[in-house]
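S.K.: What follows is input-v3.cif, made up of mmCIF, C-alpha atoms and all ligand atoms:
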data_entry
#
loop_
_atom_site.label_atom_id
_atom_site.label_comp_id
_atom_site.auth_asym_id
_atom_site.auth_seq_id
_atom_site.Cartn_x
_atom_site.Cartn_y
_atom_site.Cartn_z
CA MET A 1 -24.55 -26.77 -31.18
CA LYS A 2 -24.69 -26.04 -27.46
CA LYS A 3 -21.49 -28.05 -26.92
CA LEU A 4 -19.73 -26.15 -29.68
CA VAL A 5 -20.55 -22.80 -28.10
CA ILE A 6 -19.28 -23.98 -24.74
CA ALA A 7 -16.09 -25.30 -26.35
CA ALA A 8 -15.56 -21.96 -28.07
CA VAL A 9 -16.07 -20.06 -24.82
CA LEU A 10 -13.64 -22.36 -23.01
CA ALA A 11 -11.07 -21.91 -25.78
CA THR A 12 -11.27 -18.11 -25.49
CA VAL A 13 -11.00 -18.25 -21.70
CA SER A 14 -7.94 -20.49 -21.68
CA LEU A 15 -6.31 -18.50 -24.48
CA SER A 16 -6.59 -15.21 -22.63
CA ALA A 17 -5.50 -16.83 -19.37
CA SER A 18 -2.37 -18.35 -20.85
CA ALA A 19 -1.46 -15.26 -22.88
CA ALA A 20 -1.78 -13.22 -19.64
CA ASP A 21 -0.05 -10.25 -21.21
CA THR A 22 -1.88 -7.57 -19.28
CA ILE A 23 -1.74 -7.39 -15.51
CA ARG A 24 -4.22 -4.96 -14.01
CA PHE A 25 -2.85 -3.36 -10.85
CA ALA A 26 -4.88 -1.31 -8.38
CA MET A 27 -3.68 1.12 -5.73
CA GLU A 28 -4.74 4.15 -3.72
CA ALA A 29 -2.58 6.82 -5.28
CA SER A 30 -2.30 9.62 -2.75
CA TYR A 31 0.63 8.03 -1.02
CA PRO A 32 3.95 9.41 -2.22
CA PRO A 33 6.60 8.16 -2.65
CA PHE A 34 4.84 4.78 -3.13
CA GLU A 35 2.11 6.06 -5.45
CA PHE A 36 0.71 9.44 -6.39
CA VAL A 37 -0.97 11.17 -9.32
CA ASP A 38 1.38 13.65 -11.03
CA SER A 39 0.47 16.98 -12.67
CA SER A 40 -0.27 15.24 -15.99
CA ASN A 41 -2.68 12.89 -14.23
CA LYS A 42 -0.35 9.89 -14.44
CA ILE A 43 0.13 7.50 -11.52
CA GLN A 44 3.78 7.51 -10.48
CA GLY A 45 5.95 6.29 -7.62
CA PHE A 46 8.09 3.46 -6.29
CA ASP A 47 5.28 0.88 -6.52
CA VAL A 48 4.54 1.85 -10.15
CA ASP A 49 8.22 1.63 -11.17
CA LEU A 50 8.62 -1.67 -9.34
CA ALA A 51 5.48 -3.14 -10.92
CA ASN A 52 6.63 -1.97 -14.37
CA ALA A 53 10.05 -3.54 -13.81
CA MET A 54 8.42 -6.83 -12.80
CA CYS A 55 6.08 -6.66 -15.80
CA LYS A 56 9.06 -6.15 -18.10
CA GLU A 57 10.58 -9.36 -16.68
CA MET A 58 7.26 -11.15 -17.22
CA GLN A 59 6.89 -9.63 -20.71
CA ALA A 60 3.50 -8.33 -19.66
CA THR A 61 1.82 -4.95 -19.88
CA CYS A 62 0.80 -3.32 -16.64
CA THR A 63 -2.19 -1.07 -16.12
CA PHE A 64 -2.75 0.98 -12.97
CA THR A 65 -6.02 2.09 -11.45
CA ASN A 66 -6.43 4.45 -8.53
CA GLN A 67 -9.19 3.72 -6.04
CA ALA A 68 -10.08 3.90 -2.34
CA PHE A 69 -7.70 1.94 -0.12
CA ASP A 70 -10.43 0.07 1.76
CA SER A 71 -11.92 -1.14 -1.55
CA LEU A 72 -8.71 -2.62 -2.97
CA ILE A 73 -8.97 -6.13 -1.47
CA PRO A 74 -12.73 -6.50 -2.16
CA SER A 75 -12.19 -5.38 -5.80
CA LEU A 76 -9.32 -7.81 -6.21
CA LYS A 77 -11.53 -10.63 -4.94
CA PHE A 78 -14.27 -9.58 -7.36
CA ARG A 79 -11.75 -9.85 -10.24
CA ARG A 80 -11.85 -6.18 -11.17
CA PHE A 81 -8.04 -6.29 -10.96
CA ASP A 82 -5.33 -8.92 -10.96
CA ALA A 83 -3.06 -7.47 -8.31
CA VAL A 84 -2.81 -4.77 -5.66
CA ILE A 85 0.41 -2.83 -5.14
CA SER A 86 -0.27 -0.04 -2.70
CA GLY A 87 2.28 0.10 0.10
CA MET A 88 0.24 -2.72 1.59
CA ASP A 89 1.45 -4.59 4.67
CA ILE A 90 1.46 -8.40 4.52
CA THR A 91 -0.61 -9.12 7.64
CA PRO A 92 -2.03 -12.38 9.03
CA GLU A 93 -5.53 -10.89 8.73
CA ARG A 94 -5.17 -9.97 5.04
CA LEU A 95 -3.60 -13.38 4.32
CA LYS A 96 -6.96 -14.91 5.21
CA GLN A 97 -8.42 -13.12 2.17
CA VAL A 98 -5.62 -12.78 -0.40
CA ALA A 99 -2.15 -14.11 -1.15
CA PHE A 100 0.95 -11.91 -1.06
CA THR A 101 4.27 -12.04 -2.89
CA ASN A 102 7.48 -12.10 -0.91
CA PRO A 103 8.03 -8.78 0.84
CA TYR A 104 9.50 -5.98 -1.29
CA TYR A 105 9.97 -3.37 1.43
CA ASP A 106 10.46 -3.35 5.23
CA ASN A 107 7.85 -1.44 7.12
CA SER A 108 7.00 0.06 10.50
CA ALA A 109 4.57 2.67 11.77
CA ILE A 110 4.96 5.92 13.68
CA PHE A 111 2.93 8.77 15.19
CA ILE A 112 3.60 12.40 14.24
CA ALA A 113 2.40 15.68 15.73
CA HIS A 114 3.45 19.32 15.98
CA SER A 115 7.03 19.47 17.28
CA GLY A 116 7.31 19.54 21.05
CA GLN A 117 3.58 19.12 21.71
CA PHE A 118 3.55 15.49 22.89
CA THR A 119 6.43 13.73 24.63
CA ASP A 120 5.20 10.17 24.02
CA VAL A 121 2.24 8.14 22.79
CA ALA A 122 0.73 8.05 26.31
CA ALA A 123 0.30 11.83 26.02
CA LEU A 124 -2.10 11.26 23.09
CA LYS A 125 -4.81 9.98 25.45
CA GLY A 126 -8.14 11.59 24.56
CA LYS A 127 -6.55 13.26 21.50
CA ARG A 128 -7.68 13.07 17.87
CA VAL A 129 -5.36 10.92 15.75
CA GLY A 130 -5.92 10.59 11.99
CA MET A 131 -5.19 7.69 9.65
CA GLN A 132 -6.50 6.21 6.41
CA ASN A 133 -9.56 3.98 6.30
CA GLY A 134 -8.85 0.28 5.93
CA THR A 135 -5.20 0.50 6.92
CA THR A 136 -3.19 -1.44 9.45
CA HIS A 137 -2.83 1.86 11.36
CA GLN A 138 -6.58 2.06 11.79
CA LYS A 139 -6.84 -1.49 13.13
CA TYR A 140 -3.92 -1.01 15.51
CA LEU A 141 -5.37 2.21 16.92
CA MET A 142 -8.81 0.68 17.45
CA ASP A 143 -7.42 -2.47 19.13
CA LYS A 144 -4.46 -1.17 21.08
CA HIS A 145 -5.34 2.45 21.86
CA PRO A 146 -9.02 2.71 22.79
CA GLU A 147 -8.04 5.78 24.84
CA ILE A 148 -7.18 7.64 21.62
CA THR A 149 -9.90 9.10 19.35
CA ALA A 150 -9.18 7.50 15.97
CA VAL A 151 -10.32 9.70 13.06
CA PRO A 152 -10.45 7.87 9.69
CA TYR A 153 -9.69 9.66 6.40
CA ASP A 154 -9.99 8.72 2.72
CA SER A 155 -6.40 9.74 2.19
CA TYR A 156 -3.33 10.41 4.29
CA GLN A 157 -2.92 13.70 2.48
CA ASN A 158 -6.15 14.99 4.01
CA ALA A 159 -5.15 13.72 7.44
CA VAL A 160 -1.83 15.58 7.29
CA LEU A 161 -3.66 18.70 6.08
CA ASP A 162 -5.96 18.52 9.11
CA LEU A 163 -2.99 18.02 11.41
CA LYS A 164 -1.45 21.19 9.98
CA ASN A 165 -4.79 23.02 10.32
CA GLY A 166 -5.12 21.97 13.95
CA ARG A 167 -8.19 19.74 13.38
CA LEU A 168 -6.12 16.72 14.43
CA ASP A 169 -3.60 16.32 17.23
CA ALA A 170 -1.55 13.62 15.51
CA VAL A 171 -1.38 11.29 12.50
CA PHE A 172 -0.36 7.61 12.57
CA GLY A 173 1.25 6.24 9.40
CA ASP A 174 4.00 4.23 7.67
CA THR A 175 7.51 5.33 8.66
CA ALA A 176 8.77 5.56 5.04
CA VAL A 177 5.91 7.89 4.10
CA VAL A 178 5.95 9.82 7.37
CA ASN A 179 9.62 10.61 6.72
CA GLU A 180 8.56 12.40 3.52
CA TRP A 181 5.95 14.45 5.40
CA LEU A 182 8.52 15.41 8.02
CA LYS A 183 10.94 16.59 5.32
CA GLN A 184 8.24 18.81 3.87
CA ASN A 185 6.81 20.06 7.18
CA LYS A 186 9.61 21.16 9.44
CA ASN A 187 7.29 21.94 12.37
CA LEU A 188 6.04 18.34 12.57
CA ALA A 189 7.95 15.62 14.44
CA ALA A 190 7.72 11.95 15.42
CA VAL A 191 6.05 11.06 18.73
CA GLY A 192 7.50 8.01 20.50
CA ASP A 193 9.22 5.07 18.86
CA LYS A 194 8.47 3.15 15.68
CA VAL A 195 5.76 0.51 16.07
CA THR A 196 6.64 -2.86 14.51
CA ASP A 197 4.11 -5.34 16.01
CA PRO A 198 3.99 -8.04 13.26
CA THR A 199 0.43 -9.05 14.15
CA TYR A 200 -0.66 -5.62 12.94
CA PHE A 201 2.08 -4.40 10.64
CA GLY A 202 3.07 -7.76 9.22
CA THR A 203 6.29 -8.79 7.61
CA GLY A 204 6.86 -6.04 5.06
CA LEU A 205 4.98 -4.72 2.05
CA GLY A 206 3.80 -7.16 -0.61
CA VAL A 207 1.85 -7.38 -3.87
CA ALA A 208 -1.56 -8.99 -3.26
CA VAL A 209 -3.22 -11.41 -5.70
CA ARG A 210 -6.25 -13.68 -5.40
CA GLN A 211 -5.59 -16.79 -3.32
CA ASN A 212 -6.19 -19.16 -6.22
CA ASN A 213 -4.00 -17.22 -8.66
CA THR A 214 -0.83 -19.20 -7.96
CA GLU A 215 0.33 -18.78 -11.54
CA LEU A 216 0.52 -14.99 -11.21
CA LEU A 217 1.94 -15.25 -7.69
CA THR A 218 4.81 -17.43 -8.87
CA LYS A 219 5.50 -15.15 -11.84
CA LEU A 220 5.53 -12.06 -9.63
CA ASN A 221 7.85 -13.69 -7.08
CA ASP A 222 10.24 -14.80 -9.84
CA ALA A 223 10.18 -11.33 -11.38
CA LEU A 224 10.75 -9.69 -7.98
CA ALA A 225 13.76 -11.93 -7.35
CA LYS A 226 15.17 -10.98 -10.76
CA VAL A 227 14.75 -7.21 -10.34
CA LYS A 228 16.36 -7.51 -6.91
CA ALA A 229 19.27 -9.56 -8.26
CA ASP A 230 20.02 -7.40 -11.30
CA GLY A 231 20.23 -4.08 -9.44
CA THR A 232 16.96 -2.61 -10.75
CA TYR A 233 15.39 -2.70 -7.30
CA LYS A 234 18.32 -0.80 -5.79
CA THR A 235 18.15 1.88 -8.48
CA LEU A 236 14.43 2.38 -7.91
CA TYR A 237 14.90 2.43 -4.14
CA SER A 238 17.46 5.24 -4.35
CA LYS A 239 15.32 7.09 -6.89
CA TRP A 240 12.35 7.28 -4.51
CA PHE A 241 13.70 6.95 -0.95
CA GLN A 242 17.09 8.64 -0.75
CA GLN A 243 17.72 12.29 -1.40
N1 LIG B 301 0.84 0.22 5.01
C1 LIG B 301 -0.49 0.53 5.40
C2 LIG B 301 -1.39 -0.67 5.19
O1 LIG B 301 -1.00 -1.62 4.59
C3 LIG B 301 -1.05 1.74 4.69
C4 LIG B 301 -0.96 1.69 3.20
C5 LIG B 301 -1.68 2.83 2.52
N2 LIG B 301 -1.41 2.82 1.13
C6 LIG B 301 -1.90 3.68 0.25
N3 LIG B 301 -1.52 3.58 -1.00
N4 LIG B 301 -2.75 4.59 0.59
O2 LIG B 301 -2.51 -0.71 5.63
#
Do you think you could lay out the structure here as structure tokens?
M.R.:
Amino acid sequence: MKKLVIAAVLATVSLSASAADTIRFAMEASYPPFEFVDSSNKIQGFDVDLANAMCKEMQATCTFTNQAFDSLIPSLKFRRFDAVISGMDITPERLKQVAFTNPYYDNSAIFIAHSGQFTDVAALKGKRVGMQNGTTHQKYLMDKHPEITAVPYDSYQNAVLDLKNGRLDAVFGDTAVVNEWLKQNKNLAAVGDKVTDPTYFGTGLGVAVRQNNTELLTKLNDALAKVKADGTYKTLYSKWFQQ
């Protein structure tokens, strides 16, 4: 009897694993144009469209859940989700915890402040610079700029709001996203050059999966290659990044 029950449980487990028709994605969705919650409470953005395109290739259904950025990797490891797509840099440090697909977007980081206020990053000494908790920007600031007061936020949106309100002197973020903020806030401008240090900002953005989930990793990489080859990627890129 006991054996039968175990066999039945095993059968269910392997059935659902091989069917694998739902892939649960998690992200922190206050990060347009990568991910954001629209007026009808739906998560939208480049990452969502890309994940849906990959899921179509894999004949799988995607679900998307919005949660705090610094909880994404722990939740993935605890199996609450199958994958993270969240404008996340593929870094050596994260690779110790999770696996990443091939990169789907080039990345770099940059400081912004009120136009004309700071000539270069050295001028930010002793100033308050905001960034999101758990990001590569936070780690870089802590390690490389101890002379700067790093102020962590739950979301970049709140950091930019505080910059506009004068509660912060600068914000440090991803160039692709910063470009959107600069378009919307004409009195903000970049400070210094783009930062590309691969130890901190990695080798592009990737989709994270659990280290032992090689089946999903292979499927995602195959699907990514297909959406790149058939023009879907290009269409989505121009939809979200070129105006
Ligand atoms: N690219 C940065 C990182 O990987 C920030 C990503 C923030 N993403 C987000 N959806 N809030 O740490």
S.K.: Between A:Asn221, A:Thr91, A:Thr203, A:Thr136, single out the one closest to ligand LIG 301 (chain B), counting all atoms listed in the file.
M.R.: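 Smallest distance to ligand LIG 301 (chain B) is found for A:Thr136.
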S.K.: Please give the centre and size of the box around ligand LIG 301 (chain B) (axis-aligned, containing every atom listed in the file, 3 Å added per side), with values in Å to one decimal and written as AutoDock Vina command-line options.
M.R.:
--center_x -1.0 --center_y 1.5 --center_z 2.3 --size_x 9.6 --size_y 12.2 --size_z 12.6
S.K.: Which one of A:Ser115, A:Gln132, A:Thr65, A:Ser71 sits closest to ligand LIG 301 (chain B) if you count all atoms listed in the file?
M.R.: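 The shortest atom-to-atom distance to ligand LIG 301 (chain B) comes from A:Gln132.
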S.K.: Please identify all polymer residues within 12 Å of A:Asn185, counting all atoms listed in the file, omitting same-chain residues fewer than 2 positions from it, and present them as a list of chain:residue names.
M.R.: A:Ile112, A:Ala113, A:His114, A:Ser115, A:Val160, A:Leu161, A:Leu163, A:Lys164, A:Val178, A:Asn179, A:Glu180, A:Trp181, A:Leu182, A:Lys183, A:Asn187, A:Leu188, A:Ala189, A:Ala190
S.K.: Pick out the closest residue to ligand LIG 301 (chain B) from this set: A:Thr61, A:Asn102, A:Asn52, A:Thr135. Count only C-alpha atoms and all ligand atoms.
M.R.: A:Thr135
S.K.: Could you write stretch 164-187 of chain A as an mmCIF file, keeping the file's coordinate frame, with N, CA and C atoms rebuilt where they are missing?
M.R.:
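As a result, rebuild26.cif now contains:
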data_model
loop_
_atom_site.group_PDB
_atom_site.id
_atom_site.type_symbol
_atom_site.label_atom_id
_atom_site.label_comp_id
_atom_site.auth_asym_id
_atom_site.auth_seq_id
_atom_site.Cartn_x
_atom_site.Cartn_y
_atom_site.Cartn_z
ATOM 1 N N LYS A 164 -2.050 19.859 10.137
ATOM 2 C CA LYS A 164 -1.450 21.190 9.980
ATOM 3 C C LYS A 164 -2.456 22.287 10.342
ATOM 4 N N ASN A 165 -3.730 22.054 10.021
ATOM 5 C CA ASN A 165 -4.790 23.020 10.320
ATOM 6 C C ASN A 165 -5.218 23.022 11.775
ATOM 7 N N GLY A 166 -4.748 22.047 12.540
ATOM 8 C CA GLY A 166 -5.120 21.970 13.950
ATOM 9 C C GLY A 166 -6.417 21.196 14.198
ATOM 10 N N ARG A 167 -6.975 20.544 13.168
ATOM 11 C CA ARG A 167 -8.190 19.740 13.380
ATOM 12 C C ARG A 167 -7.857 18.343 13.919
ATOM 13 N N LEU A 168 -6.592 17.981 13.845
ATOM 14 C CA LEU A 168 -6.120 16.720 14.430
ATOM 15 C C LEU A 168 -4.952 17.025 15.350
ATOM 16 N N ASP A 169 -4.745 16.152 16.348
ATOM 17 C CA ASP A 169 -3.600 16.320 17.230
ATOM 18 C C ASP A 169 -2.382 15.546 16.725
ATOM 19 N N ALA A 170 -2.645 14.450 16.015
ATOM 20 C CA ALA A 170 -1.550 13.620 15.510
ATOM 21 C C ALA A 170 -2.028 12.802 14.320
ATOM 22 N N VAL A 171 -1.068 12.216 13.596
ATOM 23 C CA VAL A 171 -1.380 11.290 12.500
ATOM 24 C C VAL A 171 -0.527 10.045 12.740
ATOM 25 N N PHE A 172 -1.074 8.881 12.400
ATOM 26 C CA PHE A 172 -0.360 7.610 12.570
ATOM 27 C C PHE A 172 -0.199 6.980 11.194
ATOM 28 N N GLY A 173 1.050 6.751 10.759
ATOM 29 C CA GLY A 173 1.250 6.240 9.400
ATOM 30 C C GLY A 173 2.518 5.411 9.247
ATOM 31 N N ASP A 174 2.807 5.015 7.992
ATOM 32 C CA ASP A 174 4.000 4.230 7.670
ATOM 33 C C ASP A 174 5.256 5.088 7.788
ATOM 34 N N THR A 175 6.291 4.550 8.426
ATOM 35 C CA THR A 175 7.510 5.330 8.660
ATOM 36 C C THR A 175 8.098 5.904 7.355
ATOM 37 N N ALA A 176 8.156 5.095 6.292
ATOM 38 C CA ALA A 176 8.770 5.560 5.040
ATOM 39 C C ALA A 176 8.037 6.778 4.477
ATOM 40 N N VAL A 177 6.723 6.801 4.644
ATOM 41 C CA VAL A 177 5.910 7.890 4.100
ATOM 42 C C VAL A 177 5.937 9.082 5.060
ATOM 43 N N VAL A 178 5.873 8.774 6.355
ATOM 44 C CA VAL A 178 5.950 9.820 7.370
ATOM 45 C C VAL A 178 7.248 10.617 7.207
ATOM 46 N N ASN A 179 8.341 9.917 6.912
ATOM 47 C CA ASN A 179 9.620 10.610 6.720
ATOM 48 C C ASN A 179 9.529 11.678 5.639
ATOM 49 N N GLU A 180 8.761 11.408 4.590
ATOM 50 C CA GLU A 180 8.560 12.400 3.520
ATOM 51 C C GLU A 180 7.789 13.609 4.044
ATOM 52 N N TRP A 181 6.745 13.338 4.847
ATOM 53 C CA TRP A 181 5.950 14.450 5.400
ATOM 54 C C TRP A 181 6.820 15.310 6.303
ATOM 55 N N LEU A 182 7.681 14.656 7.091
ATOM 56 C CA LEU A 182 8.520 15.410 8.020
ATOM 57 C C LEU A 182 9.520 16.288 7.266
ATOM 58 N N LYS A 183 10.014 15.784 6.131
ATOM 59 C CA LYS A 183 10.940 16.590 5.320
ATOM 60 C C LYS A 183 10.250 17.844 4.821
ATOM 61 N N GLN A 184 8.977 17.679 4.441
ATOM 62 C CA GLN A 184 8.240 18.810 3.870
ATOM 63 C C GLN A 184 7.628 19.742 4.907
ATOM 64 N N ASN A 185 7.445 19.249 6.130
ATOM 65 C CA ASN A 185 6.810 20.060 7.180
ATOM 66 C C ASN A 185 7.732 20.096 8.389
ATOM 67 N N LYS A 186 8.554 21.116 8.432
ATOM 68 C CA LYS A 186 9.610 21.160 9.440
ATOM 69 C C LYS A 186 9.067 21.324 10.865
ATOM 70 N N ASN A 187 7.821 21.779 11.000
ATOM 71 C CA ASN A 187 7.290 21.940 12.370
ATOM 72 C C ASN A 187 6.531 20.698 12.869
#
